[in-house]
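J.: Next comes my_file-v2.csv, CSV, C-alpha atoms:
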chain,number,residue,atom,x,y,z
E,1,MET,CA,148.9,76.3,21.8
E,2,GLU,CA,147.9,79.7,20.3
E,3,LYS,CA,148.4,82.6,22.7
E,4,THR,CA,145.2,84.6,23.2
E,5,LEU,CA,144.1,87.3,25.5
E,6,LEU,CA,140.7,88.1,26.9
E,7,THR,CA,140.3,91.6,28.4
E,8,THR,CA,137.3,93.2,30.0
E,9,ARG,CA,137.2,97.0,30.0
E,10,PRO,CA,134.1,98.7,31.3
E,11,LYS,CA,133.9,102.4,31.3
E,12,HIS,CA,130.6,103.3,33.0
E,13,ASP,CA,132.1,105.5,35.8
E,14,SER,CA,135.1,107.7,36.2
E,15,THR,CA,137.2,105.1,38.0
E,16,VAL,CA,136.9,102.3,35.5
E,17,ARG,CA,137.1,104.9,32.7
E,18,TYR,CA,140.7,105.5,33.7
E,19,LEU,CA,141.4,101.8,33.6
E,20,PHE,CA,139.7,101.6,30.2
E,21,TYR,CA,142.1,104.2,28.7
E,22,TRP,CA,145.2,103.0,30.4
E,23,SER,CA,144.6,99.4,29.3
E,24,LYS,CA,144.7,100.4,25.6
E,25,GLU,CA,148.4,100.1,25.4
E,26,ILE,CA,148.2,96.5,26.6
E,27,ILE,CA,145.9,95.6,23.7
E,28,LYS,CA,148.3,97.3,21.3
E,29,LEU,CA,151.3,95.5,22.7
E,30,ALA,CA,149.5,92.1,22.6
E,31,GLU,CA,148.5,92.7,18.9
E,32,GLU,CA,152.1,93.8,18.0
E,33,LYS,CA,153.2,90.4,19.4
E,34,GLY,CA,150.7,88.6,17.3
E,35,ILE,CA,148.5,87.6,20.2
E,36,LYS,CA,144.8,87.3,19.4
E,37,VAL,CA,142.9,89.7,21.6
E,38,TRP,CA,139.3,89.4,22.7
E,39,ASN,CA,138.5,92.9,23.8
E,40,LEU,CA,135.2,93.2,25.7
E,41,GLU,CA,134.9,96.9,26.2
E,42,GLY,CA,132.0,99.1,27.5
E,43,GLU,CA,128.7,97.2,27.5
E,44,ARG,CA,130.4,94.1,26.1
E,45,ALA,CA,132.1,93.6,29.5
E,46,ASN,CA,129.3,91.4,30.6
E,47,ARG,CA,129.1,88.0,32.1
E,48,LYS,CA,127.4,86.3,29.2
E,49,GLU,CA,130.1,87.4,26.7
E,50,VAL,CA,132.9,86.6,29.1
E,51,GLU,CA,131.7,83.1,29.7
E,52,SER,CA,131.0,82.5,26.1
E,53,ILE,CA,134.5,83.6,24.9
E,54,ILE,CA,136.2,81.6,27.7
E,55,LYS,CA,134.2,78.5,26.7
E,56,LYS,CA,134.6,78.8,22.9
E,57,ARG,CA,138.0,80.6,22.5
E,58,LYS,CA,139.9,79.3,25.6
E,59,PRO,CA,142.1,82.4,26.1
E,60,SER,CA,145.4,81.6,27.8
E,61,LEU,CA,145.6,85.0,29.5
E,62,ILE,CA,142.8,87.1,31.1
E,63,PHE,CA,143.1,90.8,32.0
E,64,LEU,CA,140.1,92.0,34.1
E,65,ASN,CA,139.6,95.7,34.7
E,66,GLY,CA,136.7,96.8,36.9
E,67,HIS,CA,135.4,97.0,40.4
E,68,GLY,CA,135.7,94.1,42.7
E,69,ASN,CA,135.3,92.7,46.1
E,70,ASP,CA,136.8,89.8,48.1
E,71,GLY,CA,135.1,87.2,46.0
E,72,ALA,CA,134.3,88.8,42.6
E,73,VAL,CA,135.3,91.0,39.7
E,74,ALA,CA,132.7,93.1,38.0
E,75,GLY,CA,132.2,94.5,34.5
E,76,HIS,CA,129.8,97.0,32.8
E,77,ASN,CA,127.5,98.6,35.3
E,78,ASP,CA,129.2,96.5,38.0
E,79,GLU,CA,127.6,93.2,36.8
E,80,ILE,CA,129.6,90.4,38.4
E,81,LEU,CA,131.7,88.6,35.8
E,82,VAL,CA,133.5,86.0,37.8
E,83,GLU,CA,132.6,85.1,41.4
E,84,ALA,CA,134.0,82.6,43.9
E,85,GLY,CA,131.6,79.9,44.8
E,86,ASP,CA,129.8,80.5,41.5
E,87,ASN,CA,131.7,80.5,38.2
E,88,GLY,CA,135.3,80.9,39.6
E,89,ASP,CA,136.2,77.6,37.8
E,90,ILE,CA,136.0,79.4,34.4
E,91,LEU,CA,139.5,80.6,35.1
E,92,ASN,CA,140.8,77.0,34.9
E,93,SER,CA,144.2,76.8,33.1
E,94,LYS,CA,144.4,80.6,32.7
E,95,ILE,CA,146.9,83.2,33.8
E,96,VAL,CA,144.8,86.1,35.2
E,97,TYR,CA,145.6,89.7,36.1
E,98,ALA,CA,142.7,91.4,37.9
E,99,LEU,CA,143.0,95.1,38.2
E,100,SER,CA,140.3,95.5,40.7
E,101,CYS,CA,139.9,95.8,44.4
E,102,LYS,CA,140.3,92.9,46.8
E,103,SER,CA,139.7,89.9,44.5
E,104,GLY,CA,143.1,88.5,45.5
E,105,LYS,CA,141.6,87.7,48.9
E,106,GLU,CA,139.0,85.1,48.0
E,107,LEU,CA,138.4,84.8,44.2
E,108,GLY,CA,142.2,84.5,43.5
E,109,PRO,CA,142.8,81.6,46.0
E,110,GLU,CA,139.6,79.8,45.0
E,111,SER,CA,140.4,80.1,41.3
E,112,ILE,CA,143.8,78.6,42.0
E,113,LYS,CA,142.2,75.7,43.9
E,114,LYS,CA,139.9,75.1,40.9
E,115,GLY,CA,142.7,75.0,38.4
E,116,ALA,CA,143.7,78.5,37.4
E,117,THR,CA,147.4,78.6,36.5
E,118,ALA,CA,148.3,81.9,38.2
E,119,TYR,CA,146.3,84.8,39.6
E,120,ILE,CA,147.8,88.3,40.1
E,121,GLY,CA,145.5,90.8,41.8
E,122,TYR,CA,145.0,92.9,44.9
E,123,ASP,CA,144.0,91.6,48.3
E,124,ASP,CA,142.7,95.0,49.4
E,125,ASP,CA,141.5,98.2,47.7
E,126,PHE,CA,143.4,99.3,44.7
E,127,ILE,CA,143.7,103.0,45.0
E,128,PHE,CA,144.9,105.6,42.6
E,129,ILE,CA,145.0,109.4,42.5
E,130,ALA,CA,144.0,111.4,39.5
E,131,ASP,CA,143.9,115.0,38.2
E,132,PRO,CA,140.3,115.9,37.4
E,133,ASN,CA,141.5,118.4,34.9
E,134,LYS,CA,142.7,115.5,32.8
E,135,VAL,CA,139.5,113.5,32.8
E,136,ALA,CA,138.9,114.2,29.1
E,137,ASP,CA,142.2,112.7,28.3
E,138,PRO,CA,143.2,110.2,31.1
E,139,LEU,CA,146.4,109.1,29.3
E,140,SER,CA,147.7,112.6,29.7
E,141,ASP,CA,147.2,112.4,33.5
E,142,GLU,CA,150.8,112.0,34.9
E,143,THR,CA,149.5,111.5,38.5
E,144,ALA,CA,147.2,108.6,37.6
E,145,GLY,CA,150.0,107.3,35.4
E,146,LEU,CA,152.2,106.8,38.4
E,147,PHE,CA,149.8,104.1,39.5
E,148,LEU,CA,148.5,102.7,36.2
E,149,GLU,CA,151.9,102.5,34.6
E,150,ALA,CA,153.0,100.4,37.5
E,151,SER,CA,149.9,98.2,37.2
E,152,ASN,CA,150.3,97.8,33.5
E,153,GLN,CA,153.8,96.4,34.0
E,154,VAL,CA,152.2,93.1,35.1
E,155,MET,CA,150.6,92.7,31.7
E,156,LYS,CA,153.6,94.0,29.7
E,157,SER,CA,155.9,91.5,31.4
E,158,LEU,CA,153.5,88.7,30.9
E,159,LEU,CA,153.2,89.5,27.2
E,160,LYS,CA,156.9,89.5,26.9
E,161,GLY,CA,157.1,86.0,28.3
E,162,HIS,CA,158.2,86.6,31.9
E,163,THR,CA,157.1,84.4,34.7
E,164,ALA,CA,154.1,85.4,36.9
E,165,LYS,CA,156.4,86.0,39.8
E,166,ASP,CA,158.8,88.2,37.8
E,167,CYS,CA,155.8,90.2,36.4
E,168,HIS,CA,154.5,90.7,40.0
E,169,ASN,CA,157.9,91.8,41.3
E,170,LYS,CA,158.6,94.1,38.4
E,171,SER,CA,155.2,95.8,38.8
E,172,ARG,CA,155.8,96.3,42.6
E,173,GLU,CA,159.3,97.7,41.9
E,174,ILE,CA,157.7,100.3,39.6
E,175,PHE,CA,155.1,101.2,42.3
E,176,ALA,CA,158.0,101.6,44.7
E,177,ARG,CA,160.2,103.6,42.2
E,178,ASN,CA,157.3,106.0,41.5
E,179,ALA,CA,156.8,106.3,45.3
E,180,ALA,CA,160.4,107.3,45.7
E,181,LYS,CA,160.1,109.7,42.8
E,182,VAL,CA,157.3,111.7,44.5
E,183,ALA,CA,158.7,111.3,48.0
E,184,TYR,CA,162.2,112.5,47.2
E,185,GLY,CA,161.3,114.9,44.4
E,186,ASN,CA,160.1,118.4,44.6
E,187,SER,CA,156.5,117.3,44.2
E,188,LYS,CA,154.2,118.9,46.8
E,189,ASP,CA,152.2,115.7,46.5
E,190,TYR,CA,154.6,113.5,48.5
E,191,LEU,CA,151.6,111.9,50.0
E,192,LEU,CA,151.0,110.0,46.8
E,193,SER,CA,153.8,107.7,47.9
E,194,THR,CA,151.6,106.4,50.7
E,195,TYR,CA,149.1,105.1,48.2
E,196,LEU,CA,151.6,103.8,45.6
E,197,LEU,CA,153.2,101.7,48.3
E,198,TRP,CA,149.8,100.5,49.5
E,199,ASP,CA,149.0,99.1,46.1
E,200,ALA,CA,152.4,97.5,45.9
E,201,GLU,CA,152.0,95.8,49.2
E,202,HIS,CA,148.6,94.5,48.4
E,203,GLN,CA,149.4,93.1,45.0
E,204,VAL,CA,149.5,89.3,45.2
E,205,CYS,CA,150.7,86.6,42.9
E,206,LEU,CA,149.0,83.2,43.5
E,207,GLY,CA,149.4,79.8,42.0
E,208,ASN,CA,152.3,78.8,39.7
E,209,GLN,CA,155.0,81.4,40.2
E,210,ASN,CA,156.8,80.2,37.2
E,211,ALA,CA,153.9,80.3,34.8
E,212,THR,CA,154.5,82.1,31.5
E,213,LEU,CA,152.2,82.9,28.6
M,1,MET,CA,140.5,104.0,81.9
M,2,ALA,CA,142.1,101.9,79.1
M,3,ASP,CA,139.2,102.8,76.8
M,4,GLU,CA,139.6,106.5,77.6
M,5,LYS,CA,143.3,106.3,76.8
M,6,ASN,CA,142.6,104.4,73.5
M,7,ASN,CA,140.1,107.1,72.5
M,8,GLN,CA,142.7,109.7,73.1
M,9,ILE,CA,145.2,107.9,70.9
M,10,ASP,CA,142.5,107.4,68.2
M,11,GLU,CA,141.8,111.1,68.3
M,12,GLN,CA,145.5,111.9,68.0
M,13,VAL,CA,145.9,109.5,65.1
M,14,LYS,CA,143.0,111.1,63.3
M,15,LYS,CA,144.6,114.5,63.8
M,16,VAL,CA,147.9,113.2,62.3
M,17,VAL,CA,146.1,111.6,59.3
M,18,ILE,CA,144.1,114.8,58.7
M,19,ALA,CA,147.3,116.9,58.9
M,20,ASN,CA,148.9,114.6,56.3
M,21,LEU,CA,145.9,114.8,54.0
M,22,GLN,CA,146.2,118.6,54.1
M,23,GLY,CA,149.4,118.0,52.2
M,24,LEU,CA,147.5,116.5,49.3
M,25,SER,CA,146.9,119.0,46.5
M,26,PRO,CA,143.3,120.2,46.5
M,27,ASP,CA,143.3,119.7,42.7
M,28,LEU,CA,143.6,115.9,42.9
M,29,ARG,CA,141.0,113.3,43.5
M,30,MET,CA,141.5,109.9,45.1
M,31,HIS,CA,139.8,106.9,43.5
M,32,ILE,CA,139.0,104.2,46.1
M,33,GLY,CA,137.5,101.2,44.3
M,34,SER,CA,133.8,101.1,44.1
M,35,ALA,CA,133.5,103.7,46.9
M,36,GLY,CA,134.1,106.4,44.3
M,37,GLU,CA,136.4,109.4,44.0
M,38,PHE,CA,137.1,111.9,46.7
M,39,SER,CA,138.6,115.4,46.9
M,40,ARG,CA,141.0,116.2,49.7
M,41,GLU,CA,138.2,117.9,51.7
M,42,GLU,CA,135.9,115.0,51.3
M,43,LEU,CA,138.6,112.6,52.5
M,44,ILE,CA,139.2,114.8,55.6
M,45,ASP,CA,135.4,114.9,56.2
M,46,ASN,CA,135.3,111.1,56.0
M,47,VAL,CA,138.2,110.7,58.5
M,48,GLU,CA,136.5,113.1,60.9
M,49,LYS,CA,133.3,111.2,60.7
M,50,GLU,CA,135.0,107.8,60.9
M,51,THR,CA,133.2,106.4,57.8
M,52,ASP,CA,134.4,103.3,56.1
M,53,VAL,CA,136.4,105.4,53.6
M,54,GLY,CA,137.8,107.5,56.5
M,55,ASN,CA,138.8,104.4,58.4
M,56,LYS,CA,140.4,103.0,55.3
M,57,ILE,CA,142.5,106.2,54.9
M,58,VAL,CA,143.6,105.9,58.6
M,59,GLU,CA,144.5,102.3,58.0
M,60,ILE,CA,146.6,103.1,54.9
M,61,GLN,CA,148.5,105.9,56.6
M,62,LEU,CA,149.2,103.7,59.7
M,63,ASN,CA,150.3,100.9,57.4
M,64,PHE,CA,152.6,103.4,55.6
M,65,LEU,CA,154.2,104.4,58.9
M,66,ARG,CA,154.7,100.8,60.0
M,67,SER,CA,156.2,100.0,56.6
M,68,LEU,CA,158.6,102.9,57.0
M,69,LYS,CA,159.7,101.4,60.3
M,70,GLU,CA,160.3,98.0,58.7
M,71,GLY,CA,162.2,99.6,55.8
M,72,ILE,CA,159.9,98.1,53.1
M,73,PHE,CA,160.4,101.1,50.8
M,74,TYR,CA,161.6,102.9,47.8
M,75,GLY,CA,162.4,100.0,45.6
M,76,LYS,CA,165.1,98.7,47.8
M,77,ASN,CA,163.5,95.5,49.0
M,78,ILE,CA,159.8,95.7,48.3
M,79,ALA,CA,160.1,93.1,45.5
M,80,ASP,CA,161.5,90.7,48.0
M,81,ASN,CA,158.7,91.1,50.5
M,82,GLU,CA,155.6,89.1,49.6
M,83,ALA,CA,152.3,90.8,50.2
Mind turning this structure into structure tokens?
T.:
Amino acid sequence: MEKTLLTTRPKHDSTVRYLFYWSKEIIKLAEEKGIKVWNLEGERANRKEVESIIKKRKPSLIFLNGHGNDGAVAGHNDEILVEAGDNGDILNSKIVYALSCKSGKELGPESIKKGATAYIGYDDDFIFIADPNKVADPLSDETAGLFLEASNQVMKSLLKGHTAKDCHNKSREIFARNAAKVAYGNSKDYLLSTYLLWDAEHQVCLGNQNATL
Amino acid sequence: MADEKNNQIDEQVKKVVIANLQGLSPDLRMHIGSAGEFSREELIDNVEKETDVGNKIVEIQLNFLRSLKEGIFYGKNIADNEA
């Protein structure tokens, strides 16, 4: 089966804009590996396009960036893209990484019940800290990078063929490594470690732990 | 009596959380999901007013202290502890 990736990348507010920029390297890596990428960015991160591509193109891997809640992940202008009790079954046979708040609590478990292969996400708020002086160039923001580099490791490892469980563990290791770096380093911002470890603790991996792309 | 004691503990916890937040650079902003982004002073204000955001910050810092106690830190065993 052809390996394909669908990613949603809204950029309508400052938070998702950071995710938008930091997810670029994932698209680049996927393309380097010969994986077909369906990149729904900005206004294209809407429910109609997501459902259409999933139905017609049957991507094997889905990378959702956006706001979320217990039962849903949103796209452009916070339009709900996937929701438990509604269209959660569209994740059937997919490996999913949702970089959004809380969806690992209800949407993740429900999507697994309805046939998703694996679901990696967060069962509480995903928090990151950023330097507003870098807002024009989020990729140069080393503070935000401590969080988003660790998050990106999930997708990097999946694209390299590692199991869902290994991707989850590697990502959490990087959150923890970065927490140690700021806690033990000379950084005055040792408090960042609190939030790095929060994200690590709340990243969940559901479904088939041995699933690979 | 128990309520009064709990209130005193809550107030002390708030003071500790605020003292910790004072350690955050004033130049940084925290992004908390769809709640938005917050400066250090805004976070402190939310903790003082016990808003949803403020209560989340208190929860996170208490969680951090509990985790320290359990030794779930700094890359040593976090990968072995399922969330």
J.: Distance limit 7 Å, atoms considered: all atoms listed in the file. Which chain E residues sit that close to chain M? Return them as a list in words.
T.: Thr15, His67, Cys101, Asp125, Phe126, Ile127, Phe128, Ile129, Ala130, Asp131, Pro132, Asn169, Arg172, Glu173, Ala176, Arg177, Ala179, Ala180, Asp189, Leu191, Thr194, Trp198, Glu201, His202, Gln203 and Val204 of chain E
J.: For the residues selected in the previous step, produce a file with C-alpha atoms as a PDB file, keeping the file's coordinate frame.
T.:
ATOM      1  CA  THR E  15     137.200 105.100  38.000  1.00  0.00           C
ATOM      2  CA  HIS E  67     135.400  97.000  40.400  1.00  0.00           C
ATOM      3  CA  CYS E 101     139.900  95.800  44.400  1.00  0.00           C
ATOM      4  CA  ASP E 125     141.500  98.200  47.700  1.00  0.00           C
ATOM      5  CA  PHE E 126     143.400  99.300  44.700  1.00  0.00           C
ATOM      6  CA  ILE E 127     143.700 103.000  45.000  1.00  0.00           C
ATOM      7  CA  PHE E 128     144.900 105.600  42.600  1.00  0.00           C
ATOM      8  CA  ILE E 129     145.000 109.400  42.500  1.00  0.00           C
ATOM      9  CA  ALA E 130     144.000 111.400  39.500  1.00  0.00           C
ATOM     10  CA  ASP E 131     143.900 115.000  38.200  1.00  0.00           C
ATOM     11  CA  PRO E 132     140.300 115.900  37.400  1.00  0.00           C
ATOM     12  CA  ASN E 169     157.900  91.800  41.300  1.00  0.00           C
ATOM     13  CA  ARG E 172     155.800  96.300  42.600  1.00  0.00           C
ATOM     14  CA  GLU E 173     159.300  97.700  41.900  1.00  0.00           C
ATOM     15  CA  ALA E 176     158.000 101.600  44.700  1.00  0.00           C
ATOM     16  CA  ARG E 177     160.200 103.600  42.200  1.00  0.00           C
ATOM     17  CA  ALA E 179     156.800 106.300  45.300  1.00  0.00           C
ATOM     18  CA  ALA E 180     160.400 107.300  45.700  1.00  0.00           C
ATOM     19  CA  ASP E 189     152.200 115.700  46.500  1.00  0.00           C
ATOM     20  CA  LEU E 191     151.600 111.900  50.000  1.00  0.00           C
ATOM     21  CA  THR E 194     151.600 106.400  50.700  1.00  0.00           C
ATOM     22  CA  TRP E 198     149.800 100.500  49.500  1.00  0.00           C
ATOM     23  CA  GLU E 201     152.000  95.800  49.200  1.00  0.00           C
ATOM     24  CA  HIS E 202     148.600  94.500  48.400  1.00  0.00           C
ATOM     25  CA  GLN E 203     149.400  93.100  45.000  1.00  0.00           C
ATOM     26  CA  VAL E 204     149.500  89.300  45.200  1.00  0.00           C
TER      27      VAL E 204
END
J.: Quick one, how far is CA of Ala144 (chain E) from CA of Glu70 (chain M)?
T.: 27.0 Å
J.: Might you pull out every residue within 8 Å of region 49-66 of chain E, with all atoms listed in the file counted and same-chain residues fewer than 4 positions away left off, and present them as a short mmCIF file (atom, residue, chain, number, x, y, z; two decimals) with C-alpha atoms, keeping the file's coordinate frame?
T.:
data_model
loop_
_atom_site.label_atom_id
_atom_site.label_comp_id
_atom_site.auth_asym_id
_atom_site.auth_seq_id
_atom_site.Cartn_x
_atom_site.Cartn_y
_atom_site.Cartn_z
CA LYS E 3 148.40 82.60 22.70
CA THR E 4 145.20 84.60 23.20
CA LEU E 5 144.10 87.30 25.50
CA LEU E 6 140.70 88.10 26.90
CA THR E 7 140.30 91.60 28.40
CA THR E 8 137.30 93.20 30.00
CA ARG E 9 137.20 97.00 30.00
CA PRO E 10 134.10 98.70 31.30
CA VAL E 16 136.90 102.30 35.50
CA LEU E 19 141.40 101.80 33.60
CA PHE E 20 139.70 101.60 30.20
CA TRP E 38 139.30 89.40 22.70
CA LEU E 40 135.20 93.20 25.70
CA ARG E 44 130.40 94.10 26.10
CA ALA E 45 132.10 93.60 29.50
CA VAL E 73 135.30 91.00 39.70
CA ALA E 74 132.70 93.10 38.00
CA GLY E 75 132.20 94.50 34.50
CA ASP E 78 129.20 96.50 38.00
CA LEU E 81 131.70 88.60 35.80
CA ILE E 90 136.00 79.40 34.40
CA SER E 93 144.20 76.80 33.10
CA LYS E 94 144.40 80.60 32.70
CA ILE E 95 146.90 83.20 33.80
CA VAL E 96 144.80 86.10 35.20
CA TYR E 97 145.60 89.70 36.10
CA ALA E 98 142.70 91.40 37.90
CA LEU E 99 143.00 95.10 38.20
CA SER E 100 140.30 95.50 40.70
CA MET E 155 150.60 92.70 31.70
CA LEU E 213 152.20 82.90 28.60
#
J.: Can you tell me, as a list in words, what residues are no more than 12 Å from Ala19 (chain M) when counting only C-alpha atoms, ignoring any on the same chain fewer than 6 positions away?
T.: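 The contact residues come out as Leu191 of chain E; Gln12, Val13, Arg40, Glu41, Leu43, Ile44, Val47, Glu48, Val58 and Gln61 of chain M.
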J.: So how many Å separate CA of Lys15 (chain M) and CA of Lys181 (chain E), to one decimal?
T.: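 Spanning CA of Lys15 (chain M) to CA of Lys181 (chain E) is a straight-line distance of 26.5 Å.
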J.: Using Å and a single decimal, report how far CA of Leu139 (chain E) sits from CA of Lys33 (chain E).
T.: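 Computing it gives 22.2 Å between the two atoms.
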J.: Excluding Asn210 (chain E) and residues on its chain fewer than 3 positions from it, collect all residues at most 10 Å away from it, counting only C-alpha atoms, and give them as an MDAnalysis selection string.
T.: chainID E and resid 117:118 162:166 207
J.: Using only C-alpha atoms, which of the listed residues (E:Ala136, E:Lys156, E:Cys167, E:Cys205) sits closest to Ile27 (chain E)?
T.: E:Lys156
J.: From the set E:Leu197, E:Leu29, E:Ala116, E:Leu107, which residue has the shortest atom-to-atom contact distance to Ala211 (chain E), counting all atoms listed in the file?
T.: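 Closest residue, counting all atoms listed in the file: E:Ala116.
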J.: For Asp137 (chain E), which residue among E:His168, E:Lys105, E:His12, E:Arg17 is the nearest when counting all atoms listed in the file?
T.: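 Closest candidate: E:Arg17.
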